[in-house]
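Trainee: Here you go, run_19.txt (compact mmCIF, C-alpha atoms):
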```
# COMPACT_ATOMS: atom_id res chain seq x y z
CA MET A 622 25.75 78.97 -144.99
CA GLN A 623 27.20 82.47 -144.73
CA HIS A 624 23.71 83.96 -144.19
CA ARG A 625 23.04 81.64 -141.20
CA ALA A 626 26.50 82.47 -139.69
CA TYR A 627 25.51 86.13 -139.27
CA ALA A 628 22.11 85.47 -137.67
CA PRO A 629 23.38 84.93 -134.08
CA ALA A 630 25.40 88.15 -134.22
CA ALA A 631 22.36 90.16 -135.29
CA ALA A 632 20.28 88.65 -132.50
CA LEU A 633 22.99 89.47 -129.93
CA ALA A 634 23.12 93.07 -131.12
CA ALA A 635 19.37 93.40 -130.66
CA VAL A 636 19.60 92.09 -127.09
CA VAL A 637 22.40 94.55 -126.23
CA LEU A 638 20.44 97.45 -127.72
CA ALA A 639 17.34 96.57 -125.73
CA ALA A 640 19.33 96.34 -122.49
CA GLY A 641 20.86 99.72 -123.16
CA LEU A 642 17.49 101.31 -123.69
CA THR A 643 16.20 99.75 -120.47
CA GLY A 644 19.20 101.11 -118.50
CA CYS A 645 18.73 104.61 -119.88
CA SER A 646 15.06 104.56 -118.96
CA SER A 647 15.69 103.55 -115.33
CA GLY A 648 18.61 106.03 -114.98
CA SER A 649 16.57 108.96 -116.21
CA GLY A 650 13.98 108.29 -113.53
CA ALA A 651 16.65 108.66 -110.76
CA THR A 652 17.97 111.94 -112.07
CA GLY A 653 17.12 114.77 -109.67
CA GLY A 654 15.81 112.33 -107.03
CA THR A 655 16.62 112.34 -103.32
CA ASP A 656 18.52 109.05 -103.16
CA ASP A 657 21.90 110.83 -103.09
CA ALA A 658 20.88 112.74 -99.96
CA ARG A 659 20.24 109.58 -97.97
CA PRO A 660 22.70 108.98 -95.11
CA GLY A 661 25.55 106.65 -95.94
CA ARG A 662 25.55 107.35 -99.67
CA ALA A 663 28.22 109.24 -101.55
CA GLY A 664 27.42 112.94 -101.77
CA ALA A 665 25.21 112.91 -98.66
CA SER A 666 25.33 116.28 -96.84
CA ALA A 667 26.25 116.43 -93.13
CA PRO A 668 23.48 117.47 -90.73
CA ALA A 669 23.45 121.15 -89.78
CA ALA A 670 25.46 121.84 -86.62
CA GLN A 671 23.66 123.23 -83.58
CA PRO A 672 24.33 126.98 -83.17
CA GLY A 673 25.73 128.20 -79.87
CA LYS A 674 23.67 129.55 -76.98
CA TYR A 675 25.40 132.93 -76.97
CA HIS A 676 25.30 135.23 -80.00
CA SER A 677 27.16 138.25 -78.60
CA LEU A 678 29.66 139.24 -75.92
CA PRO A 679 29.57 141.85 -73.14
CA GLU A 680 31.59 145.03 -72.91
CA PRO A 681 34.42 143.57 -70.80
CA CYS A 682 35.77 146.62 -68.98
CA SER A 683 32.37 147.49 -67.50
CA TYR A 684 31.30 143.86 -67.00
CA VAL A 685 33.55 143.52 -63.91
CA ASP A 686 32.05 145.14 -60.84
CA ARG A 687 33.96 148.16 -59.50
CA ASP A 688 33.89 146.86 -55.91
CA THR A 689 35.35 143.56 -57.12
CA LEU A 690 38.18 145.44 -58.82
CA ARG A 691 38.94 147.30 -55.58
CA ARG A 692 39.21 144.01 -53.68
CA MET A 693 41.44 142.41 -56.30
CA LEU A 694 43.56 145.47 -57.06
CA PRO A 695 44.04 147.37 -53.79
CA ASP A 696 45.74 150.68 -54.42
CA GLY A 697 46.38 153.13 -51.61
CA THR A 698 46.86 156.01 -54.05
CA ALA A 699 43.42 155.57 -55.66
CA ALA A 700 40.53 157.46 -54.20
CA THR A 701 37.50 155.56 -53.02
CA ASP A 702 35.08 157.92 -54.76
CA ASP A 703 33.92 156.56 -58.13
CA ASP A 704 33.94 160.09 -59.56
CA ASP A 705 37.54 160.72 -58.61
CA ALA A 706 40.01 160.84 -61.48
CA GLY A 707 42.41 158.58 -59.60
CA ALA A 708 39.86 155.79 -59.27
CA ASP A 709 38.83 156.13 -62.91
CA LYS A 710 42.42 155.87 -64.03
CA VAL A 711 43.03 152.70 -62.03
CA TYR A 712 39.76 150.89 -62.49
CA LYS A 713 38.42 151.85 -65.93
CA GLY A 714 40.59 149.16 -67.53
CA GLN A 715 42.34 148.86 -70.87
CA PRO A 716 40.35 147.11 -73.62
CA THR A 717 42.13 144.32 -75.45
CA ILE A 718 42.64 144.99 -79.16
CA THR A 719 40.92 142.25 -81.17
CA TYR A 720 39.98 141.80 -84.83
CA ASP A 721 36.31 141.07 -84.19
CA THR A 722 34.63 142.23 -80.98
CA ASP A 723 31.60 140.09 -81.81
CA ARG A 724 33.80 137.03 -81.36
CA ARG A 725 36.44 138.06 -78.84
CA VAL A 726 36.79 140.83 -76.24
CA GLY A 727 38.97 141.45 -73.21
CA CYS A 728 40.11 144.01 -70.67
CA SER A 729 43.05 144.41 -68.29
CA TRP A 730 43.84 146.36 -65.14
CA LYS A 731 47.07 147.01 -63.24
CA VAL A 732 48.08 148.66 -59.99
CA GLU A 733 51.64 149.30 -58.82
CA SER A 734 53.14 150.07 -55.45
CA PRO A 735 56.68 150.35 -54.07
CA ASP A 736 56.64 146.72 -52.94
CA GLY A 737 55.14 145.16 -56.05
CA ALA A 738 52.24 145.12 -58.47
CA ARG A 739 49.00 143.31 -59.29
CA HIS A 740 47.59 142.65 -62.72
CA LEU A 741 44.18 141.34 -63.77
CA SER A 742 42.82 140.49 -67.21
CA VAL A 743 39.60 138.92 -68.46
CA ASP A 744 39.06 137.43 -71.91
CA PHE A 745 35.80 136.30 -73.52
CA GLU A 746 35.81 134.16 -76.66
CA ARG A 747 32.58 133.24 -78.43
CA VAL A 748 33.31 130.06 -80.37
CA VAL A 749 31.68 129.44 -83.74
CA SER A 750 32.29 126.12 -85.46
CA TYR A 751 32.63 125.84 -89.21
CA GLN A 752 33.18 122.09 -89.11
CA PRO A 753 30.31 120.08 -90.65
CA GLY A 754 28.33 118.26 -87.99
CA VAL A 755 30.23 119.91 -85.09
CA SER A 756 28.17 122.32 -82.97
CA ASP A 757 29.53 125.56 -81.56
CA GLU A 758 29.34 124.12 -78.05
CA ALA A 759 31.18 120.93 -79.05
CA ARG A 760 33.93 123.01 -80.66
CA ALA A 761 34.22 125.16 -77.52
CA GLN A 762 34.51 121.98 -75.46
CA GLN A 763 37.35 120.80 -77.70
CA LEU A 764 39.21 124.09 -77.28
CA TYR A 765 38.70 124.02 -73.52
CA GLY A 766 40.06 120.48 -73.40
CA ARG A 767 43.17 121.57 -75.29
CA GLN A 768 43.85 124.32 -72.75
CA SER A 769 43.27 122.02 -69.80
CA THR A 770 45.70 119.50 -71.24
CA ALA A 771 48.31 122.18 -71.97
CA ALA A 772 48.10 123.31 -68.34
CA HIS A 773 48.50 119.70 -67.14
CA ILE A 774 45.35 119.90 -65.04
CA PRO A 775 44.72 116.51 -63.40
CA VAL A 776 41.66 114.74 -64.76
CA ALA A 777 39.12 113.77 -62.15
CA SER A 778 38.78 110.02 -61.58
CA GLY A 779 36.27 108.44 -63.97
CA THR A 780 36.27 111.49 -66.26
CA PRO A 781 37.47 111.00 -69.85
CA SER A 782 40.36 113.15 -70.99
CA PRO A 783 38.95 116.44 -72.33
CA SER A 784 41.44 116.39 -75.19
CA ALA A 785 40.60 112.88 -76.38
CA SER A 786 38.47 114.15 -79.23
CA ALA A 787 40.09 117.51 -79.72
CA PRO A 788 41.23 118.25 -83.28
CA SER A 789 44.82 118.99 -84.14
CA PRO A 790 46.04 122.57 -83.64
CA SER A 791 46.00 123.06 -87.41
CA ALA A 792 42.29 122.32 -87.65
CA SER A 793 40.12 125.31 -88.46
CA SER A 794 38.46 126.61 -85.31
CA GLY A 795 36.31 129.18 -86.99
CA ASN A 796 37.42 131.71 -84.39
CA ALA A 797 38.26 135.31 -85.01
CA PRO A 798 41.98 136.02 -85.51
CA GLY A 799 43.78 137.25 -82.48
CA PRO A 800 45.93 136.13 -79.58
CA GLN A 801 45.07 132.62 -78.53
CA LEU A 802 43.96 131.83 -75.01
CA SER A 803 46.67 130.51 -72.78
CA ALA A 804 46.02 127.92 -70.12
CA SER A 805 48.50 129.68 -67.87
CA PRO A 806 50.07 133.15 -68.08
CA ALA A 807 53.55 133.54 -69.44
CA ALA A 808 56.15 133.48 -66.72
CA SER A 809 59.90 133.16 -66.33
CA PRO A 810 61.65 129.84 -67.03
CA SER A 811 61.76 129.20 -63.28
CA ALA A 812 57.97 129.17 -63.04
CA SER A 813 56.51 126.01 -61.57
CA ALA A 814 53.28 124.65 -60.25
CA SER A 815 52.32 126.12 -56.92
CA PRO A 816 54.29 124.36 -54.15
CA SER A 817 51.52 125.03 -51.64
CA ALA A 818 51.35 122.36 -48.98
CA ASP A 819 47.56 122.51 -49.12
CA PRO A 820 46.28 120.02 -51.75
CA ALA A 821 43.09 122.07 -52.00
CA LEU A 822 45.10 124.86 -53.63
CA ALA A 823 46.82 122.71 -56.27
CA PRO A 824 45.92 123.17 -59.97
CA ARG A 825 42.57 121.40 -60.39
CA THR A 826 39.19 121.26 -62.07
CA LEU A 827 36.32 123.28 -60.61
CA ASP A 828 32.83 121.79 -60.42
CA ASP A 829 30.91 124.91 -59.38
CA LEU A 830 31.58 127.02 -62.44
CA GLY A 831 30.12 126.90 -65.96
CA ASP A 832 30.02 123.62 -67.87
CA ASP A 833 33.78 122.98 -67.52
CA ALA A 834 36.37 124.86 -65.47
CA PHE A 835 39.86 124.65 -64.03
CA ILE A 836 42.21 126.79 -61.97
CA ASP A 837 45.98 126.90 -62.41
CA ASP A 838 48.59 128.36 -60.08
CA ARG A 839 52.22 129.09 -60.97
CA LEU A 840 54.97 130.56 -58.81
CA ALA A 841 58.12 132.12 -60.28
CA THR A 842 61.22 133.55 -58.66
CA ALA A 843 63.39 136.13 -60.39
CA ALA A 844 66.11 138.56 -59.41
CA SER A 845 63.51 141.30 -59.05
CA GLY A 846 61.24 139.35 -56.74
CA VAL A 847 58.56 136.65 -56.51
CA HIS A 848 55.70 136.31 -58.99
CA ARG A 849 52.52 134.26 -58.62
CA ASP A 850 50.15 133.72 -61.56
CA VAL A 851 46.64 132.35 -61.06
CA THR A 852 44.50 131.47 -64.08
CA VAL A 853 40.85 130.43 -64.15
CA VAL A 854 39.43 129.11 -67.42
CA PHE A 855 35.82 128.11 -67.75
CA ARG A 856 33.39 127.23 -70.53
CA SER A 857 29.73 128.16 -70.56
CA SER A 858 28.11 126.65 -73.65
CA ASN A 859 29.99 128.18 -76.61
CA VAL A 860 31.84 130.89 -74.67
CA LEU A 861 35.31 130.47 -73.16
CA VAL A 862 36.34 132.82 -70.37
CA THR A 863 39.91 133.25 -69.14
CA ILE A 864 40.82 135.19 -65.99
CA ALA A 865 44.53 135.88 -65.41
CA TYR A 866 45.41 137.33 -62.01
CA ASP A 867 48.97 137.81 -60.80
CA GLN A 868 50.98 139.55 -58.13
CA TRP A 869 54.61 140.63 -58.04
CA SER A 870 56.41 141.02 -54.72
CA THR A 871 59.80 142.73 -54.69
CA ASP A 872 60.42 141.24 -51.25
CA LYS A 873 61.36 137.59 -51.77
CA GLN A 874 60.49 136.87 -48.18
CA HIS A 875 56.88 137.84 -48.91
CA VAL A 876 55.47 135.21 -51.26
CA PRO A 877 52.08 136.18 -52.75
CA SER A 878 49.38 134.09 -51.12
CA ALA A 879 47.91 131.29 -53.21
CA GLN A 880 44.78 131.28 -51.08
CA ASP A 881 44.27 135.02 -51.52
CA LEU A 882 44.80 135.13 -55.30
CA GLN A 883 42.93 131.92 -56.03
CA GLY A 884 39.99 132.88 -53.85
CA LYS A 885 39.59 136.27 -55.54
CA ALA A 886 40.04 134.91 -59.07
CA HIS A 887 37.55 132.12 -58.41
CA GLY A 888 35.07 134.61 -56.94
CA LEU A 889 35.36 136.85 -60.01
CA ALA A 890 34.78 133.86 -62.28
CA ARG A 891 31.54 133.06 -60.46
CA GLU A 892 30.41 136.68 -60.84
CA LEU A 893 31.11 136.65 -64.58
CA ASP A 894 29.37 133.31 -65.02
CA ALA A 895 26.30 134.59 -63.19
CA GLY A 896 26.14 137.58 -65.54
CA HIS A 897 25.23 135.27 -68.47
CA PHE A 898 27.46 137.15 -70.96
CA GLY A 899 25.75 138.43 -74.11
CA ASN A 900 22.45 137.31 -75.62
```
Spell out the structure here as C-alpha cells.
Mentor:
Amino acid sequence: MQHRAYAPAAALAAVVLAAGLTGCSSGSGATGGTDDARPGRAGASAPAAQPGKYHSLPEPCSYVDRDTLRRMLPDGTAATDDDDAGADKVYKGQPTITYDTDRRVGCSWKVESPDGARHLSVDFERVVSYQPGVSDEARAQQLYGRQSTAAHIPVASGTPSPSASAPSPSASSGNAPGPQLSASPAASPSASASPSADPALAPRTLDDLGDDAFIDDRLATAASGVHRDVTVVFRSSNVLVTIAYDQWSTDKQHVPSAQDLQGKAHGLARELDAGHFGN
C-alpha cells in the first residue's frame, strides 16, 4: 500500500521536470534575438531623431551689412568712409561672450547722441535636441513657442498654441550654456505693450519670415526719458534668431517711432533670414 501511495508523486515530479526542460529550451532560442527591439515592447529603443538643417553659425558681427547698420544706428559723429576709424569704432560691433560659438553667437552695437541713444543686438542659437525621438527642429519649435507665449503674442485664429507641446523649463534643451533668449528686452517696471493706435504695429506674428516669427514692441517711460524696445524673434529650421532694437529719447515729448523701429528691425530680420546662416 505504501509503495502505491508514492507512485503519483513520482509521476508528477517527472511531468514538472519535463516542463522545465521544455521552457529552458524555448527560452534559450530567444536569447540574443530581436524581439525586444520591436516597437511597443519593454526595452525597445526610440527612433533616432532627425538632425537639424544647420550645423554651424555665422560670424555675427560681420553678418549684418554695414549699410544696414548705418540706417539703424545713425550717428552724426561717425564718418561715412568704411576705412575711417570712427566708422569702425561704431559699426564693428561687440561680440557676445558665449560658452560654445558652434551653438550660440551674438553681436551688439550702440550709438549715443546728446538727445538719446540707439542699441542693436543680434543673437543666433543653433538648437540641438538630446531628447529621444525629438528632432532638432521640433525642439527649436518648442523653444520658440515658449518665447512667444512669454511675450504674450496673440495666436492667429485657427493656429494651435505654440506652447501646447513645449516641455517644462526644467527639461533638458541640449543647448549650450549661456544667457537665455528673451522674448522681449528688459525694461523698467513701467514698460508696457506699445500703445500705438495702429493695430498693424501691435505685437503680432509675422508670416513672411522663417518658419515661425513674431515682433514685440514695448514702450517705457522713466525720469531720464522715453524708451522703446522692439524685438523680432524668428525660427528657421533648428536656428533661433533674436533681434533686439531700442531707442532712448531724453526728450519725453519725442517718443521713438514704432513704425520706424519696427520697420528697420523687420527689414534686418529678412536680410538675416535670406543669408541662410551657417551650413
Trainee: Could you please give me, as number ranges by chain, the residues of protein, DNA or RNA lying at most 6 Å from (47.9, 128.7, -63.0) in the coordinate frame of the file, considering all atoms listed in the file?
Mentor: A: 805, 837-839, 850-852
Trainee: Expressed in Å to a single decimal, how great is the separation between CA of Pro735 (chain A) and CA of Pro877 (chain A)?
Mentor: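 Between CA of Pro735 (chain A) and CA of Pro877 (chain A) the gap works out to 15.0 Å.
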Trainee: Using only C-alpha atoms, find the one residue out of A:Ser734, A:Thr689, A:Gln868, A:Gln880 that sits nearest to Asp819 (chain A).
Mentor: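 Ranked by minimum distance to Asp819 (chain A), first place goes to A:Gln880.
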Trainee: As an exercise, work out the distance from CA of Pro753 (chain A) to CA of Pro679 (chain A) in Å and give it to one decimal place.
Mentor: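 Pair CA of Pro753 (chain A) / CA of Pro679 (chain A) returns 27.9 Å.
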Trainee: What is the CA of Gly727 (chain A)-CA of Phe745 (chain A) distance in Å, reported with one decimal?
Mentor: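 For CA of Gly727 (chain A) relative to CA of Phe745 (chain A), the distance reads 6.1 Å.
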Trainee: Do you know which residues are at most 12 Å from Phe835 (chain A) counting all atoms listed in the file, after dropping those on the same chain fewer than 3 positions away, and could you put them as a VMD selection string?
Mentor: chain A and resid 765 to 766 768 to 777 783 804 to 805 822 to 832 838 851 to 856 861 to 864 883 886 to 887 890
Trainee: Taking all atoms listed in the file into account, name the residue in A:Ala841, A:Val755, A:Val732, A:Ile836 that is nearest to Leu882 (chain A).
Mentor: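 Distance minimum relative to Leu882 (chain A) lands on A:Ile836.
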Trainee: Counting all atoms listed in the file, which of A:Val749, A:Arg849, A:Tyr675, A:Ser858 gets nearest to Asp881 (chain A)?
Mentor: A:Arg849
Trainee: Name the closest residue to Val876 (chain A) among the candidates A:Asp736, A:Arg747, A:Arg891, A:Glu758; distances are taken between atoms, counting all atoms listed in the file.
Mentor: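 So, comparing all the options, the nearest one is A:Asp736.
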Trainee: Which residue out of A:Ser677, A:Ser750, A:Gln671, A:Thr871 has the minimum interatomic distance to Phe898 (chain A) when only C-alpha atoms are used?
Mentor: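 Selected residue with least distance to Phe898 (chain A): A:Ser677.
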Trainee: If you count only C-alpha atoms, which residues fall within 9 Å of Glu892 (chain A), apart from same-chain ones fewer than 4 positions away, as a ChimeraX atom specification?
Mentor: /A:685-686,887-888,896
Trainee: Between A:Ala844, A:Ala670, A:Ala879, A:Leu694, which is the closest to Ser756 (chain A) once you count all atoms listed in the file?
Mentor: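 When distances to Ser756 (chain A) are compared using all atoms listed in the file, the smallest one comes from A:Ala670.
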